[in-house]
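Source file: upload-v6.cif (mmCIF, C-alpha atoms)
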data_work
loop_
_atom_site.label_atom_id
_atom_site.label_comp_id
_atom_site.auth_asym_id
_atom_site.auth_seq_id
_atom_site.Cartn_x
_atom_site.Cartn_y
_atom_site.Cartn_z
CA MET A 72 7.35 -17.25 -8.16
CA THR A 73 3.70 -16.24 -8.36
CA ASN A 74 0.31 -17.76 -7.63
CA LEU A 75 -1.36 -15.26 -9.96
CA ASP A 76 -2.21 -17.28 -13.08
CA ILE A 77 -3.87 -15.48 -15.97
CA ASP A 78 -7.30 -17.10 -15.48
CA LEU A 79 -7.41 -15.91 -11.86
CA LEU A 80 -6.33 -12.43 -12.87
CA GLU A 81 -8.94 -12.20 -15.59
CA ARG A 82 -11.68 -13.22 -13.14
CA ILE A 83 -10.44 -10.59 -10.72
CA ARG A 84 -10.54 -7.93 -13.46
CA THR A 85 -14.15 -8.76 -14.33
CA ARG A 86 -15.22 -7.97 -10.76
CA ALA A 87 -13.26 -4.73 -10.26
CA ALA A 88 -15.77 -2.37 -11.86
CA GLY A 89 -18.65 -3.84 -9.86
CA TYR A 90 -16.82 -3.51 -6.57
CA ASP A 91 -16.11 0.12 -7.40
CA ARG A 92 -19.66 0.88 -8.54
CA ASP A 93 -21.28 -0.79 -5.55
CA ASN A 94 -18.66 0.41 -3.04
CA ARG A 95 -18.25 -3.20 -1.93
CA PHE A 96 -15.39 -5.22 -0.41
CA PHE A 97 -13.52 -7.60 -2.70
CA THR A 98 -14.75 -10.74 -0.93
CA GLU A 99 -14.64 -13.04 -3.95
CA ASP A 100 -11.16 -11.86 -4.93
CA LEU A 101 -9.91 -12.46 -1.39
CA ASP A 102 -11.37 -15.97 -1.31
CA GLU A 103 -9.66 -16.87 -4.58
CA LEU A 104 -6.36 -15.30 -3.60
CA ARG A 105 -6.39 -17.16 -0.28
CA ASP A 106 -7.17 -20.44 -2.05
CA ALA A 107 -4.31 -19.78 -4.47
CA GLY A 108 -1.90 -19.40 -1.55
CA TYR A 109 -1.33 -15.71 -2.20
CA LEU A 110 -1.50 -14.81 1.50
CA ALA A 111 1.60 -16.89 2.22
CA PRO A 112 4.93 -15.16 2.88
CA GLN A 113 6.99 -14.16 -0.14
CA SER A 114 10.18 -12.22 -0.66
CA LEU A 115 9.83 -8.49 -1.04
CA ALA A 116 11.22 -8.71 -4.58
CA ASP A 117 8.50 -11.23 -5.48
CA GLY A 118 5.90 -9.10 -3.69
CA VAL A 119 6.86 -6.00 -5.68
CA ARG A 120 6.46 -7.87 -8.97
CA ASN A 121 3.30 -9.71 -7.95
CA GLN A 122 1.54 -6.67 -6.53
CA ARG A 123 2.33 -4.65 -9.64
CA LEU A 124 0.80 -7.43 -11.74
CA LEU A 125 -2.30 -7.71 -9.54
CA ALA A 126 -2.82 -3.94 -9.62
CA ARG A 127 -2.81 -4.06 -13.40
CA TYR A 128 -6.01 -6.09 -13.13
CA ALA A 129 -7.65 -4.69 -9.99
CA PRO A 130 -5.96 -1.76 -8.22
CA ALA A 131 -8.22 -1.66 -5.16
CA THR A 132 -7.86 -5.39 -4.55
CA ALA A 133 -4.08 -5.02 -4.82
CA LEU A 134 -4.00 -2.04 -2.46
CA GLY A 135 -6.14 -3.85 0.10
CA ILE A 136 -4.11 -7.06 0.07
CA ASN A 137 -0.97 -4.92 0.18
CA MET A 138 -1.55 -4.26 3.87
CA HIS A 139 -1.43 -7.96 4.60
CA HIS A 140 1.85 -8.32 2.73
CA VAL A 141 3.33 -5.34 4.55
CA VAL A 142 2.74 -6.97 7.95
CA VAL A 143 4.03 -10.34 6.79
CA GLY A 144 6.98 -8.58 5.19
CA VAL A 145 7.92 -6.98 8.51
CA ALA A 146 8.17 -10.42 10.10
CA ARG A 147 10.27 -11.61 7.16
CA VAL A 148 12.64 -8.61 7.46
CA LEU A 149 13.19 -9.40 11.14
CA HIS A 150 13.67 -13.12 10.48
CA ASP A 151 16.27 -12.40 7.79
CA ARG A 152 18.17 -10.26 10.30
CA GLY A 153 18.23 -12.93 12.99
CA ASP A 154 15.14 -11.89 14.99
CA TRP A 155 12.60 -14.72 15.06
CA GLY A 156 10.21 -13.12 17.55
CA LEU A 157 7.52 -12.54 14.91
CA ASP A 158 7.84 -15.85 13.10
CA TRP A 159 4.32 -16.64 14.32
CA ILE A 160 3.12 -14.05 11.76
CA LEU A 161 4.80 -16.04 8.99
CA ASP A 162 3.12 -19.21 10.26
CA ASP A 163 -0.30 -17.56 10.52
CA ALA A 164 0.00 -16.12 7.02
CA SER A 165 0.89 -19.55 5.66
CA ASP A 166 -2.28 -20.86 7.30
CA GLY A 167 -4.44 -18.23 5.56
CA GLU A 168 -4.84 -15.65 8.33
CA LEU A 169 -5.36 -12.10 7.03
CA PHE A 170 -3.32 -9.27 8.55
CA ALA A 171 -4.09 -5.55 8.43
CA PHE A 172 -2.53 -2.38 9.81
CA GLY A 173 -4.26 0.08 12.14
CA VAL A 174 -1.59 2.77 12.19
CA SER A 175 -2.92 6.05 10.73
CA GLU A 176 -4.64 8.56 13.02
CA ALA A 177 -6.42 11.80 12.23
CA GLY A 178 -4.12 14.75 12.88
CA ASN A 179 -1.05 12.60 13.56
CA ASP A 180 1.59 13.74 11.09
CA GLU A 181 4.25 11.95 13.13
CA VAL A 182 2.85 8.67 11.70
CA LEU A 183 4.93 5.91 13.39
CA PHE A 184 6.94 8.25 15.63
CA ASP A 185 4.11 9.19 18.01
CA SER A 186 0.49 8.24 18.63
CA ARG A 187 -2.79 9.67 19.84
CA THR A 188 -3.90 6.18 20.91
CA ARG A 189 -3.43 5.37 24.58
CA ALA A 190 -1.59 2.16 25.49
CA THR A 191 -2.14 1.19 29.12
CA PRO A 192 -0.01 -1.49 30.82
CA GLY A 193 -1.93 -4.40 32.29
CA GLU A 194 -1.14 -7.67 33.98
CA ASP A 195 1.55 -10.07 32.83
CA GLY A 196 2.93 -7.71 30.15
CA ALA A 197 -0.39 -7.13 28.38
CA PHE A 198 -1.52 -3.71 27.15
CA SER A 199 -4.95 -2.25 26.48
CA PHE A 200 -5.44 0.25 23.66
CA THR A 201 -7.94 3.12 23.41
CA GLY A 202 -8.14 5.45 20.44
CA ARG A 203 -9.21 5.63 16.81
CA LYS A 204 -7.30 4.45 13.75
CA ILE A 205 -8.28 5.67 10.29
CA PHE A 206 -7.95 4.01 6.87
CA THR A 207 -7.97 0.45 8.19
CA SER A 208 -7.91 -1.40 4.87
CA LEU A 209 -9.42 -4.91 4.88
CA SER A 210 -11.74 -3.74 7.63
CA PRO A 211 -14.49 -6.32 6.92
CA ALA A 212 -12.16 -9.30 6.76
CA TRP A 213 -8.92 -9.01 8.73
CA THR A 214 -8.26 -11.67 11.35
CA ARG A 215 -5.12 -10.02 12.81
CA LEU A 216 -4.72 -6.24 13.19
CA GLY A 217 -1.41 -4.52 13.87
CA ILE A 218 -1.82 -1.41 16.03
CA PHE A 219 0.29 0.83 18.22
CA GLY A 220 -0.25 3.40 20.95
CA ARG A 221 1.56 5.63 23.42
CA ASP A 222 2.30 4.53 26.98
CA ASP A 223 2.68 7.53 29.31
CA SER A 224 2.73 5.54 32.54
CA ASP A 225 6.29 6.86 33.01
CA PRO A 226 5.90 10.51 31.95
CA ALA A 227 9.64 11.01 31.84
CA ASN A 228 10.10 8.13 29.40
CA PRO A 229 6.98 7.72 27.20
CA SER A 230 7.04 4.77 24.84
CA LEU A 231 5.25 3.44 21.76
CA VAL A 232 3.79 -0.04 22.09
CA HIS A 233 3.24 -2.13 18.94
CA GLY A 234 1.12 -5.28 18.99
CA TYR A 235 -1.40 -7.45 17.15
CA LEU A 236 -5.08 -7.90 17.91
CA THR A 237 -7.06 -10.96 16.95
CA ARG A 238 -10.52 -10.45 15.48
CA ASP A 239 -12.32 -12.13 18.37
CA THR A 240 -10.79 -9.73 20.94
CA ASP A 241 -13.31 -7.43 22.62
CA GLY A 242 -12.95 -3.66 22.49
CA HIS A 243 -12.76 -2.79 18.80
CA HIS A 244 -15.30 -2.01 16.06
CA PRO A 245 -15.43 -0.24 12.70
CA VAL A 246 -16.85 3.30 12.71
CA GLY A 247 -17.82 5.96 10.20
CA SER A 248 -18.57 5.57 6.53
CA TRP A 249 -16.47 4.65 3.49
CA ASN A 250 -17.47 6.42 0.30
CA PRO A 251 -14.21 7.65 -1.23
CA LEU A 252 -13.39 8.86 -4.72
CA GLY A 253 -11.25 5.83 -5.54
CA MET A 254 -9.85 2.57 -4.16
CA ARG A 255 -13.37 1.87 -2.94
CA ALA A 256 -13.13 -1.93 -2.66
CA THR A 257 -10.50 -1.66 0.09
CA GLN A 258 -13.31 -0.76 2.53
CA SER A 259 -10.86 1.11 4.74
CA PHE A 260 -13.13 2.04 7.62
CA SER A 261 -11.88 3.69 10.79
CA THR A 262 -11.38 1.38 13.77
CA GLN A 263 -12.40 2.43 17.26
CA LEU A 264 -10.36 0.87 20.06
CA ASP A 265 -12.02 0.84 23.49
CA GLY A 266 -9.66 -0.93 25.86
CA ALA A 267 -8.79 -3.71 23.41
CA VAL A 268 -6.26 -5.97 25.13
CA ILE A 269 -3.19 -7.48 23.48
CA PRO A 270 -1.38 -10.14 25.54
CA ALA A 271 2.37 -10.03 26.07
CA ASP A 272 3.13 -12.69 23.46
CA ARG A 273 1.54 -10.51 20.77
CA ILE A 274 3.38 -7.31 21.74
CA ALA A 275 5.92 -6.84 18.94
CA ARG A 276 7.91 -3.86 20.15
CA ILE A 277 8.12 -1.21 22.88
CA LEU A 278 10.11 1.73 21.50
CA PRO A 279 10.87 5.30 22.55
CA VAL A 280 8.70 8.07 21.14
CA GLY A 281 10.32 9.56 18.04
CA PRO A 282 12.33 8.20 15.10
CA SER A 283 13.82 4.79 15.72
CA PRO A 284 16.54 2.72 14.00
CA ASP A 285 14.83 -0.49 15.15
CA PRO A 286 14.55 -3.10 12.35
CA TYR A 287 10.82 -3.37 13.07
CA ILE A 288 10.31 0.25 11.96
CA PHE A 289 12.59 -0.28 8.97
CA GLY A 290 10.52 -3.34 8.06
CA ILE A 291 7.31 -1.34 8.08
CA PHE A 292 8.70 1.50 5.99
CA SER A 293 10.52 -0.66 3.46
CA ASN A 294 7.64 -3.02 2.80
CA PHE A 295 4.95 -0.36 2.85
CA LEU A 296 6.68 2.13 0.56
CA LEU A 297 7.91 -0.37 -2.03
CA LEU A 298 4.68 -2.38 -2.18
CA ILE A 299 2.61 0.81 -2.37
CA GLY A 300 4.82 2.04 -5.19
CA SER A 301 4.29 -1.25 -7.01
CA VAL A 302 0.52 -0.90 -6.89
CA TYR A 303 0.69 2.50 -8.54
CA ALA A 304 3.16 1.21 -11.12
CA GLY A 305 0.60 -1.48 -11.96
CA ILE A 306 -2.10 1.16 -12.45
CA ALA A 307 0.21 2.92 -14.91
CA ASP A 308 0.89 -0.36 -16.74
CA ARG A 309 -2.81 -0.85 -17.37
CA ALA A 310 -3.39 2.78 -18.32
CA LEU A 311 -0.62 2.66 -20.91
CA GLU A 312 -2.05 -0.56 -22.30
CA LEU A 313 -5.50 1.07 -22.67
CA GLY A 314 -3.97 4.17 -24.23
CA VAL A 315 -2.18 2.09 -26.85
CA GLU A 316 -5.39 0.19 -27.62
CA ALA A 317 -7.34 3.44 -28.00
CA ALA A 318 -4.73 4.92 -30.35
CA GLY A 319 -5.00 1.84 -32.55
CA HIS A 320 -8.80 2.04 -32.75
CA ARG A 321 -9.45 5.77 -33.08
CA THR A 322 -9.42 7.41 -36.49
CA SER A 323 -9.19 11.05 -37.57
CA LEU A 324 -11.69 12.65 -39.93
CA LYS A 325 -9.35 15.60 -40.42
CA ASN A 326 -6.56 13.25 -41.54
CA ALA A 327 -8.62 11.17 -43.98
CA GLY A 328 -9.41 8.37 -41.56
CA ARG A 329 -5.83 7.72 -40.42
CA ARG A 330 -5.48 5.93 -37.12
CA TYR A 331 -4.37 7.98 -34.16
CA SER A 332 -1.50 5.52 -33.74
CA ASP A 333 0.00 7.07 -36.89
CA ASP A 334 -0.24 10.62 -35.55
CA PRO A 335 3.25 11.84 -34.53
CA ASP A 336 1.95 13.77 -31.51
CA ILE A 337 0.05 10.73 -30.17
CA ARG A 338 3.06 8.51 -30.78
CA TRP A 339 5.29 10.95 -28.89
CA GLN A 340 2.91 11.14 -25.92
CA LEU A 341 2.67 7.36 -25.56
CA ALA A 342 6.40 6.90 -26.06
CA ASP A 343 7.14 9.52 -23.42
CA ALA A 344 4.77 7.80 -20.98
CA ALA A 345 6.44 4.44 -21.63
CA ILE A 346 9.97 5.86 -21.18
CA THR A 347 8.95 7.32 -17.82
CA LEU A 348 7.17 4.15 -16.71
CA ASP A 349 9.95 1.78 -17.79
CA SER A 350 12.31 3.19 -15.17
CA LEU A 351 10.04 2.32 -12.23
CA GLY A 352 10.59 -1.43 -12.36
CA PRO A 353 14.38 -1.34 -11.90
CA GLN A 354 14.08 1.21 -9.10
CA LEU A 355 11.43 -0.68 -7.11
CA GLU A 356 12.82 -4.15 -7.73
CA SER A 357 16.45 -3.30 -6.99
CA LEU A 358 15.52 -1.73 -3.64
CA ALA A 359 13.32 -4.73 -2.79
CA THR A 360 16.21 -7.06 -3.60
CA ASP A 361 18.47 -4.97 -1.36
CA VAL A 362 15.99 -5.34 1.52
CA ASP A 363 15.84 -9.10 0.97
CA SER A 364 19.62 -9.42 0.84
CA VAL A 365 20.14 -7.24 3.96
CA ALA A 366 22.08 -4.65 1.98
CA ASP A 367 23.24 -1.60 3.92
CA HIS A 368 22.38 1.84 2.53
CA GLY A 369 22.92 3.41 5.93
CA SER A 370 21.27 6.78 6.39
CA ALA A 371 20.23 6.86 2.72
CA TRP A 372 17.68 4.06 3.16
CA PHE A 373 14.70 6.28 3.92
CA ARG A 374 15.65 8.73 1.19
CA LEU A 375 15.68 5.88 -1.33
CA LEU A 376 12.42 4.36 -0.10
CA VAL A 377 10.33 7.54 0.05
CA GLY A 378 11.78 8.62 -3.28
CA ALA A 379 10.71 5.38 -4.96
CA LYS A 380 7.17 5.59 -3.58
CA THR A 381 6.75 9.29 -4.40
CA ARG A 382 8.02 8.83 -7.93
CA ALA A 383 5.80 5.79 -8.56
CA VAL A 384 2.69 7.72 -7.51
CA ASP A 385 3.63 10.75 -9.64
CA VAL A 386 4.42 8.60 -12.68
CA SER A 387 1.17 6.68 -12.26
CA ARG A 388 -0.95 9.82 -12.34
CA SER A 389 0.98 11.19 -15.30
CA VAL A 390 0.62 8.01 -17.36
CA VAL A 391 -3.09 7.72 -16.61
CA GLU A 392 -3.61 11.33 -17.69
CA THR A 393 -1.73 10.68 -20.94
CA ALA A 394 -3.86 7.60 -21.64
CA ILE A 395 -7.02 9.63 -21.03
CA ARG A 396 -5.90 12.37 -23.43
CA VAL A 397 -5.04 9.80 -26.10
CA SER A 398 -8.35 7.97 -25.61
CA GLY A 399 -10.53 11.08 -25.99
CA GLY A 400 -13.84 12.02 -24.43
CA SER A 401 -15.03 8.45 -23.89
CA ALA A 402 -12.49 8.12 -21.07
CA TYR A 403 -14.33 10.84 -19.16
CA ASP A 404 -17.36 8.58 -18.72
CA ALA A 405 -17.66 7.38 -15.12
CA ASP A 406 -17.97 3.75 -16.25
CA ASN A 407 -14.82 3.85 -18.38
CA GLU A 408 -11.92 1.87 -16.91
CA LEU A 409 -9.55 4.80 -17.36
CA SER A 410 -11.88 6.97 -15.33
CA ARG A 411 -11.67 4.45 -12.49
CA LEU A 412 -7.89 4.19 -12.83
CA TYR A 413 -7.61 7.97 -12.59
CA ARG A 414 -9.64 8.01 -9.38
CA ASP A 415 -7.62 5.13 -7.97
CA ALA A 416 -4.31 6.80 -8.85
CA LEU A 417 -5.26 9.92 -6.89
CA ALA A 418 -5.31 7.89 -3.67
CA GLY A 419 -1.53 7.69 -3.87
CA LEU A 420 -1.31 11.31 -2.75
CA PHE A 421 -2.57 10.39 0.71
CA HIS A 422 -0.37 7.42 1.61
CA PRO A 423 2.58 8.11 3.86
CA SER A 424 5.02 9.49 3.09
CA ASP A 425 3.18 12.41 1.52
CA PRO A 426 5.14 14.64 -0.93
CA GLU A 427 5.99 17.20 1.75
CA SER A 428 7.33 14.58 4.15
CA ALA A 429 9.20 12.79 1.37
CA HIS A 430 10.97 15.94 0.22
CA SER A 431 11.84 16.82 3.81
CA THR A 432 13.38 13.35 4.28
CA VAL A 433 15.46 13.63 1.12
CA ALA A 434 16.56 17.22 1.89
CA THR A 435 17.66 16.23 5.39
CA ASN A 436 19.70 13.35 3.99
CA LEU A 437 21.35 15.68 1.47
CA LEU A 438 21.73 18.85 3.53
CA GLY A 439 21.28 17.89 7.15
CA PRO A 440 18.49 19.27 9.38
CA PRO A 441 17.56 22.91 8.82
CA THR A 442 19.43 25.45 10.94
CA GLU A 443 17.43 27.10 13.69
CA GLN A 444 16.81 30.78 13.02
CA ALA A 445 17.94 33.17 15.78
#

I'd like the structure from this file rewritten - as C-alpha cells, please.
Amino acid sequence: MTNLDIDLLERIRTRAAGYDRDNRFFTEDLDELRDAGYLAPQSLADGVRNQRLLARYAPATALGINMHHVVVGVARVLHDRGDWGLDWILDDASDGELFAFGVSEAGNDEVLFDSRTRATPGEDGAFSFTGRKIFTSLSPAWTRLGIFGRDDSDPANPSLVHGYLTRDTDGHHPVGSWNPLGMRATQSFSTQLDGAVIPADRIARILPVGPSPDPYIFGIFSNFLLLIGSVYAGIADRALELGVEAAGHRTSLKNAGRRYSDDPDIRWQLADAAITLDSLGPQLESLATDVDSVADHGSAWFRLLVGAKTRAVDVSRSVVETAIRVSGGSAYDADNELSRLYRDALAGLFHPSDPESAHSTVATNLLGPPTEQA
C-alpha cells in the first residue's frame, strides 16, 4: 500500500531540480508527504517499494526521508519480535513526528560498534551526550533525533548508550556547511552535542562496545541497508527511462537519419542495463519480506544485507553512466536531469557499509576471520 499517488510524485519531481540548484531543504515535499500520511509506519517490504518509487522522482527527497523510515523501521522490527519498548516511536510517527539519525562520526570506522561521543550517566537513568555527529540528514526539520555515545564510567566495562532527543532539548545545534556534489536537498549538516540530556524513558539500548547480536542493531542495519539500496535502485530506474527516451529521439546523420533506438550497439547497452537493473527488485524485496516475517538467515544476515546495498549502489552508477552515454553530450550539462542523477548516485559510495567493509563482512562469513600472522 502506498500514499504516493502520481500527482504528488509529479509535483515532487518538478521541485527536485530547484532544491538541487539552490542547495535547499525539501520543505514543500516534506509537508506534502506528511499530509499524505507517508511518515506513518509501514512494513519494510512496502518501504523498499515506496522508497524506490519516490527516488525515481526525487532522489534527495527519498534519501532524506529514508532516515525517518529507518528509525521507525527499527521500532517495527522490535515490535514484530515481541519487544514493545519502542512502540512510542510508532505512535509518534503516526502522529507526524519526523525522526532522524545522528550516528556517523568523523574518523569512526567502527560505525555502530564504538563511538567518539561521550555518554555521561545522570540522575534517574538519564544520560547526557557530548560530541559531534556528521551527515545528520533532515537537519532543518527533524523533531526526534536518534543518537548514541560511549559510557566509560566503568572503564572495565564500557558501554554504548542509544537514545532519542527531542528538538526542544537544550544542548544541540547544527554546525558547519552543506555544499555537497549531490543529494543536496537532504541538508545533512553536522550536529554538535553539548551535554544534551535524554531521559531514561527515551534510552533505547545500553549495549557493550563492539559487535552486538541485539535485535536493535539488526533493526538499524536491515532497515538502513535495504532502504538505502532502494533509493539507488530508484535512481537507476529513472536513468534507464531517460536513456530510452533519448535513444528514441536522437537521430544519426551517418546512418541517414535513423533513430539511435535502431542502432544495435545502443540497443545492446540499454538492454544490458535493464537486465542488470531487473535483478535488484527481487533481491531487495525478498530480503525485506524476510525481515518482516522474522525469517532466520543466522550468521548470513549481514552478508546478505551489505551485499544487497553494495550491489544496488554499483548498479545505479552503472545504469546512470549508460544512460548518459546513450543520451550524448547534452547529458553533460549541469542542468540536465541525468547530470543530477549521476551526482546523486555517487553519494552511495559513502553510506555505510562502504565497499571495503562490505567485502570484509562477506569474506568473514565465507572464510572466517583472517588468521593472525606470526

Answer key for the PyMOL selection byres ((chain A and resi 425-434) around 9), residues as a list in words
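Applying the expression gives Ala371, Phe373, Arg374, Leu375, Val377, Gly378, Lys380, Thr381, Gly419, Leu420, Phe421, His422, Pro423, Ser424, Thr435, Asn436, Leu437, Leu438, Gly439 and Pro440 of chain A.
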
Kindly assemble as a tab-separated table a list of the range 142-230 of chain A residues that lie within 10 Å of range 103-112 of chain A, each paired with its nearest atom pair and their distance in Å to one decimal, using all atoms listed in the file, sorted first by chain and then by ascending residue number.
residue	atom	partner	partner_atom	distance
A:Val142	CA	A:Pro112	CA	9.9
A:Val143	CA	A:Pro112	CA	6.3
A:Gly144	CA	A:Pro112	CA	7.3
A:Ala146	CA	A:Pro112	CA	9.2
A:Arg147	CA	A:Pro112	CA	7.7
A:Ile160	CA	A:Pro112	CA	9.1
A:Leu161	CA	A:Pro112	CA	6.2
A:Asp162	CA	A:Ala111	CA	8.5
A:Asp163	CA	A:Ala111	CA	8.5
A:Ala164	CA	A:Ala111	CA	5.1
A:Ser165	CA	A:Ala111	CA	4.4
A:Asp166	CA	A:Ala111	CA	7.5
A:Gly167	CA	A:Leu110	CA	6.1
A:Glu168	CA	A:Leu110	CA	7.6
A:Leu169	CA	A:Leu110	CA	7.3
A:Phe170	CA	A:Leu110	CA	9.1

Residues returned when the PyMOL selection byres ((chain A and resi 231-235) around 10) runs on this file, as number ranges by chain
A: 160, 170-174, 183-186, 188-192, 197-198, 200, 214-223, 229-230, 236-238, 268-281, 287

Which is closer to Ala267 in chain A than all the others in A:Arg321, A:Glu312, A:Gly193, A:Phe292, using all atoms listed in the file?
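Of the candidates, the smallest distance to Ala267 in chain A is held by A:Gly193.
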
With a distance cut-off of 10 Å and only C-alpha atoms, select the neighbouring residues of range 114-119 of chain A, excluding the residue or stretch itself and same-chain residues fewer than 4 positions from it, and output the selection as JSON, numbers by chain.
{"A": [72, 73, 109, 123, 124, 137, 140, 141, 143, 144, 145, 147, 148, 293, 294, 297, 298, 299, 300, 301, 302, 304, 305, 352, 355, 356, 357, 358, 359, 360, 361, 362, 363, 364]}

Grab the CA of Tyr403 in chain A to CA of Pro130 in chain A distance for me, in Å with one decimal place.
18.7 Å
